[in-house]
Structures are given as C-alpha cells and as structure tokens.
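Following: one structure in structure tokens, then a few remarks.
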Amino acid sequence: MADMTDNELKIFINAVTHYFAQLTREPATVRAAYLANGEIPHFDYTGLITVSGRYRGCVYFSTSGDALRALLLEFREPDRRESNLLDAVGEIANTIAGNARRHFGRELEISAPVTIRGVPEQIKSAVRARPFAIQLDWSNHDAVMVVDLALEE
Amino acid sequence: MKLMIVDDSNIIRSRIARATLQSSLQRLQIVGLACNGNEAVNICVRKAPDLVTMDLTMPGMNGIECIEALLELAPRLRILVISALSDKATAIEALKRGAHGYLHKPFTDARLASALVELMEDLEADRG
C-alpha cells in the first residue's frame, strides 16, 4: 500500500478547519501535525470512519465532552446529553471524511460513523502503527484528528 | 407546505428543524423526522410531505436508494440532499436519481434557507 502525501494530508486539515470556521464563531487552529508513534492519541469522545474502496484505513476525530457541549451550544442545541455528544463527534468525523471526497472522489468509500466513549480498543484495532495525527485547538478545547489512509496498489 | 427531515444524526435533524423557524421558511410545517431510509418511506406514506431534506450516508437503505423509493411513492416530491459527500460524481448521481438540489455539509442556516426557498418556489410554480 502507498502512504498519503503531504497534499492529501492538507485536504483533511482544510476539511476540519473549514468545519469549525463555517459553523462556529471561533476557527480551529492546527497546533501540530505528526506521525504518531506508539500511543494512539485520543480524548473521551471519538467518531470513527472506516475507509474502503480504492483506499484502505480510517479517519477519526476525538475530543472532550466539554468541547462537544460547547459545540452544541454554538448550534443552539438544548439537548447536550451523552447521546448527542456522541452524535456530534460522529457527525464531525463524517463531515471531514465526506468533504475529503472533493479531492479523492467517490473511490474513497466511507462508512457511517462509529462513535466511541472512553477506552480506545476499537480505535487501536482500526488504526495502523503510524497514522498521521493533527492536533487542534478550538475555543480553548483540545481535539485530535487522525488519518490513516493508504492507496491499494 | 409539509417537510420531512431525513438524517441519521439527531443534532442535524434538530438543526434543520430549528432553521425552519426563520421567517423565509414560515410556510414549512415539519411532518416527520426520519433517521433512516425505511422510516422515511413509512412517514412518506402516512404524512405525504411536499419537501424532503435527505442525508446520503445512513445505515441500511442509503439516501440514493431512499430518493428513488420516495419518488416512486410521490413523483412530485421535492428532495434536497444535504450531505458531507463533496465529490461531483455523487452530487450528479443524486440529481440524476431525482433529487432537486444538493447542499454540502457543513451548511449554514442561511444556505439551508436559500436552498429550501428555491424548492418551495419550484413546487409552487409546478402547481400553478
């Protein structure tokens, strides 16, 4: 399998920054982008998209409950219970992966989001050894987007 | 005019519902919220909506299949796809299968209102 290029990584960075710029009053800023070695970065809530078709891998977005409650407040969503926090993190992951198809085309087949609270066993089993991690700050909340994508040759 | 909202995300269904409170959309009355294609078909049979907002990536029956099923039941239905899938081929396919508009996620309330108003006007023109 061939790994992602820098330009392809930028597609995902643009998608996540566009999401927050479009829907909230505060843009998200990228604090770091790196190849994750060892520990898979994550927070309490994770939305995971599995990729298939011409590409293989996954994309996930992970952040804290506080960040998601603040986001739902921006949406004027009164119900900020657990189920909606999971819904929100799944929808972010779905939107980022879906927007990336503007570049990759429909050969980037994406699953409906799987949402995860807490212990990342499901994440670990979905991600290869060294995925790209993009650390973000939105409205003083930390988040991370992880992209593990390879072209089937 | 009767609106049905189809999306597997509760927060997106709620956002769309809240957006219809804008003055330009006051003529819309929400008659159903569906979280998948099968539910959408059932609501369509019972409530006969005029307009539908349709997600594409849903578990079970996907949005494209649902568009075809709904139009078979109600050929004059107006369908606005609201999806994160941003490739041209998917948008073209949705339009070919019968959707009347395509709005990308993430969307603003203003863009949603504008797209829905366009469909409402189109439907009114069709009705004469």
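Ordered as shown in the structure tokens, chains take letters A, B, and onward, while each chain numbers its residues from 1 and ligands are numbered from 1 in the order shown.
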(message) Taking 4 positions as the minimum chain separation for residues in the same chain, which residues sit within 10 Å of Ile43 in chain B when counting only C-alpha atoms? Answer as a PyMOL selection string.
(response) chain B and resi 4+31-34+37-39+47-49+70
(request) Find the residues of chain B in contact range of chain A, meaning any atom within 9 Å when counting only C-alpha atoms, and list them as a VMD selection string. (result) chain B and resid 9 to 12 14 to 15 18 57 to 59 83 to 90 104 to 108
(message) Considering only helix (DSSP H, G or I) as DSSP defines it on the backbone, what residues of range 71-138 of chain A qualify? List them as a PyMOL selection string.
(response) chain A and resi 71-74+82-104+121-126
Shell around Ala40 in chain B at 12 Å using only C-alpha atoms, local window under 5 positions removed, as an mmCIF file with C-alpha atoms, in the first residue's frame:
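See around.cif below for the written result:
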```cif
data_model
loop_
_atom_site.group_PDB
_atom_site.id
_atom_site.type_symbol
_atom_site.label_atom_id
_atom_site.label_comp_id
_atom_site.auth_asym_id
_atom_site.auth_seq_id
_atom_site.Cartn_x
_atom_site.Cartn_y
_atom_site.Cartn_z
ATOM 1 C CA LEU B 3 -41.423 18.998 5.202
ATOM 2 C CA MET B 4 -39.844 15.682 6.185
ATOM 3 C CA ILE B 5 -36.256 15.648 7.508
ATOM 4 C CA VAL B 6 -34.190 12.511 6.886
ATOM 5 C CA ASP B 7 -30.797 12.221 8.580
ATOM 6 C CA ASP B 8 -29.248 9.639 10.894
ATOM 7 C CA VAL B 31 -44.469 16.432 9.410
ATOM 8 C CA GLY B 32 -41.764 13.881 10.087
ATOM 9 C CA LEU B 33 -38.230 13.260 11.283
ATOM 10 C CA ALA B 34 -36.663 10.052 9.967
ATOM 11 C CA CYS B 35 -33.310 8.597 10.976
ATOM 12 C CA VAL B 45 -46.880 7.021 3.085
ATOM 13 C CA ARG B 46 -48.603 8.338 6.219
ATOM 14 C CA LYS B 47 -47.892 12.094 6.035
ATOM 15 C CA ALA B 48 -47.434 12.841 2.309
ATOM 16 C CA PRO B 49 -44.741 15.523 2.632
ATOM 17 C CA LEU B 51 -40.444 18.535 0.519
ATOM 18 C CA VAL B 52 -37.724 16.329 1.953
ATOM 19 C CA THR B 53 -34.203 17.023 3.191
ATOM 20 C CA MET B 54 -32.193 13.865 2.612
ATOM 21 C CA ASP B 55 -28.885 12.664 4.062
ATOM 22 C CA MET B 58 -27.096 6.314 6.517
ATOM 23 C CA GLY B 60 -29.442 0.396 5.971
ATOM 24 C CA MET B 61 -31.192 1.970 2.996
ATOM 25 C CA ASN B 62 -28.897 4.796 1.865
ATOM 26 C CA GLY B 63 -30.029 8.207 0.693
ATOM 27 C CA GLU B 65 -31.991 4.362 -2.654
ATOM 28 C CA CYS B 66 -34.373 6.327 -0.468
ATOM 29 C CA ILE B 67 -34.739 9.103 -3.070
ATOM 30 C CA GLU B 68 -35.853 6.516 -5.629
ATOM 31 C CA ALA B 69 -38.260 4.854 -3.213
ATOM 32 C CA LEU B 70 -39.837 8.170 -2.208
ATOM 33 C CA LEU B 71 -40.228 9.397 -5.771
ATOM 34 C CA LEU B 73 -44.485 6.889 -3.957
#
```
Could you pull out the strand (DSSP E or B) residues of range 4-135 of chain A, going by DSSP on the backbone, and write them as a tab-separated table (two decimals) with C-alpha atoms, in the first residue's frame?
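Resulting contents of states-v6.tsv:
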```tsv
chain	number	residue	atom	x	y	z
A	28	ALA	CA	-9.95	25.80	14.90
A	29	THR	CA	-6.20	26.16	14.82
A	30	VAL	CA	-3.76	23.39	14.00
A	31	ARG	CA	-1.18	23.08	16.77
A	32	ALA	CA	0.80	20.19	15.33
A	33	ALA	CA	0.69	17.53	12.64
A	34	TYR	CA	2.91	14.50	13.06
A	35	LEU	CA	3.30	10.79	12.50
A	45	TYR	CA	-15.30	11.01	22.65
A	46	THR	CA	-14.33	9.68	19.23
A	47	GLY	CA	-16.09	9.46	15.88
A	48	LEU	CA	-14.50	6.83	13.64
A	49	ILE	CA	-14.98	6.42	9.90
A	50	THR	CA	-13.72	3.32	8.15
A	51	VAL	CA	-12.45	3.80	4.61
A	52	SER	CA	-12.69	1.20	1.88
A	53	GLY	CA	-12.78	1.03	-1.91
A	55	TYR	CA	-8.28	3.34	-0.31
A	56	ARG	CA	-7.91	1.50	2.97
A	57	GLY	CA	-7.79	2.80	6.50
A	58	CYS	CA	-9.73	5.08	8.80
A	59	VAL	CA	-10.24	8.67	9.84
A	60	TYR	CA	-11.23	9.64	13.34
A	61	PHE	CA	-11.93	12.83	15.25
A	62	SER	CA	-11.62	12.84	19.01
A	63	THR	CA	-12.25	15.50	21.64
A	108	LEU	CA	-12.82	6.96	-1.09
A	109	GLU	CA	-15.71	4.90	0.25
A	110	ILE	CA	-16.62	5.91	3.77
A	114	VAL	CA	-18.95	4.61	14.70
A	115	THR	CA	-18.93	6.60	17.94
A	116	ILE	CA	-16.84	5.60	20.92
A	117	ARG	CA	-16.72	6.81	24.51
A	132	PHE	CA	-0.97	11.00	10.84
A	133	ALA	CA	-2.22	12.91	13.87
A	134	ILE	CA	-3.36	16.52	13.66
A	135	GLN	CA	-3.68	18.30	17.00
```
(request) Can you pull out every residue within 8 Å of Ala36 in chain A, counting only C-alpha atoms, but drop anything in the same chain fewer than 3 positions away, and send it as a list in words? (result) Glu39, Ile40, Pro41, Ala129, Arg130, Pro131, Phe132 and Ala133 of chain A
Write out the residues from the selection above, keeping N, CA and C atoms, as a PDB file, in the first residue's frame.
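Output saved as selection35.pdb:
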```
ATOM      1  N   GLU A  39       1.657   5.400  21.266  1.00  0.00           N
ATOM      2  CA  GLU A  39       0.312   5.671  21.794  1.00  0.00           C
ATOM      3  C   GLU A  39      -0.561   6.365  20.749  1.00  0.00           C
ATOM      4  N   ILE A  40      -1.770   5.845  20.553  1.00  0.00           N
ATOM      5  CA  ILE A  40      -2.710   6.460  19.618  1.00  0.00           C
ATOM      6  C   ILE A  40      -3.390   7.629  20.337  1.00  0.00           C
ATOM      7  N   PRO A  41      -3.274   8.856  19.814  1.00  0.00           N
ATOM      8  CA  PRO A  41      -3.862   9.998  20.519  1.00  0.00           C
ATOM      9  C   PRO A  41      -5.391   9.959  20.501  1.00  0.00           C
ATOM     10  N   ALA A 129       0.104   1.172  12.547  1.00  0.00           N
ATOM     11  CA  ALA A 129       1.119   1.550  13.534  1.00  0.00           C
ATOM     12  C   ALA A 129       1.419   3.056  13.574  1.00  0.00           C
ATOM     13  N   ARG A 130       1.529   3.723  12.421  1.00  0.00           N
ATOM     14  CA  ARG A 130       1.980   5.113  12.417  1.00  0.00           C
ATOM     15  C   ARG A 130       1.042   6.005  11.590  1.00  0.00           C
ATOM     16  N   PRO A 131      -0.107   6.346  12.132  1.00  0.00           N
ATOM     17  CA  PRO A 131      -1.024   7.236  11.398  1.00  0.00           C
ATOM     18  C   PRO A 131      -0.608   8.699  11.534  1.00  0.00           C
ATOM     19  N   PHE A 132      -1.169   9.554  10.688  1.00  0.00           N
ATOM     20  CA  PHE A 132      -0.969  11.000  10.840  1.00  0.00           C
ATOM     21  C   PHE A 132      -1.923  11.505  11.921  1.00  0.00           C
ATOM     22  N   ALA A 133      -1.387  12.294  12.832  1.00  0.00           N
ATOM     23  CA  ALA A 133      -2.219  12.912  13.871  1.00  0.00           C
ATOM     24  C   ALA A 133      -2.149  14.430  13.695  1.00  0.00           C
TER      25      ALA A 133
END
```
(message) Residues within 7 Å of range 23-29 of chain B, please, as a ChimeraX atom specification. Count only C-alpha atoms; anything in the same chain fewer than 5 positions from it doesn't count.
(response) /B:1-3,113,117
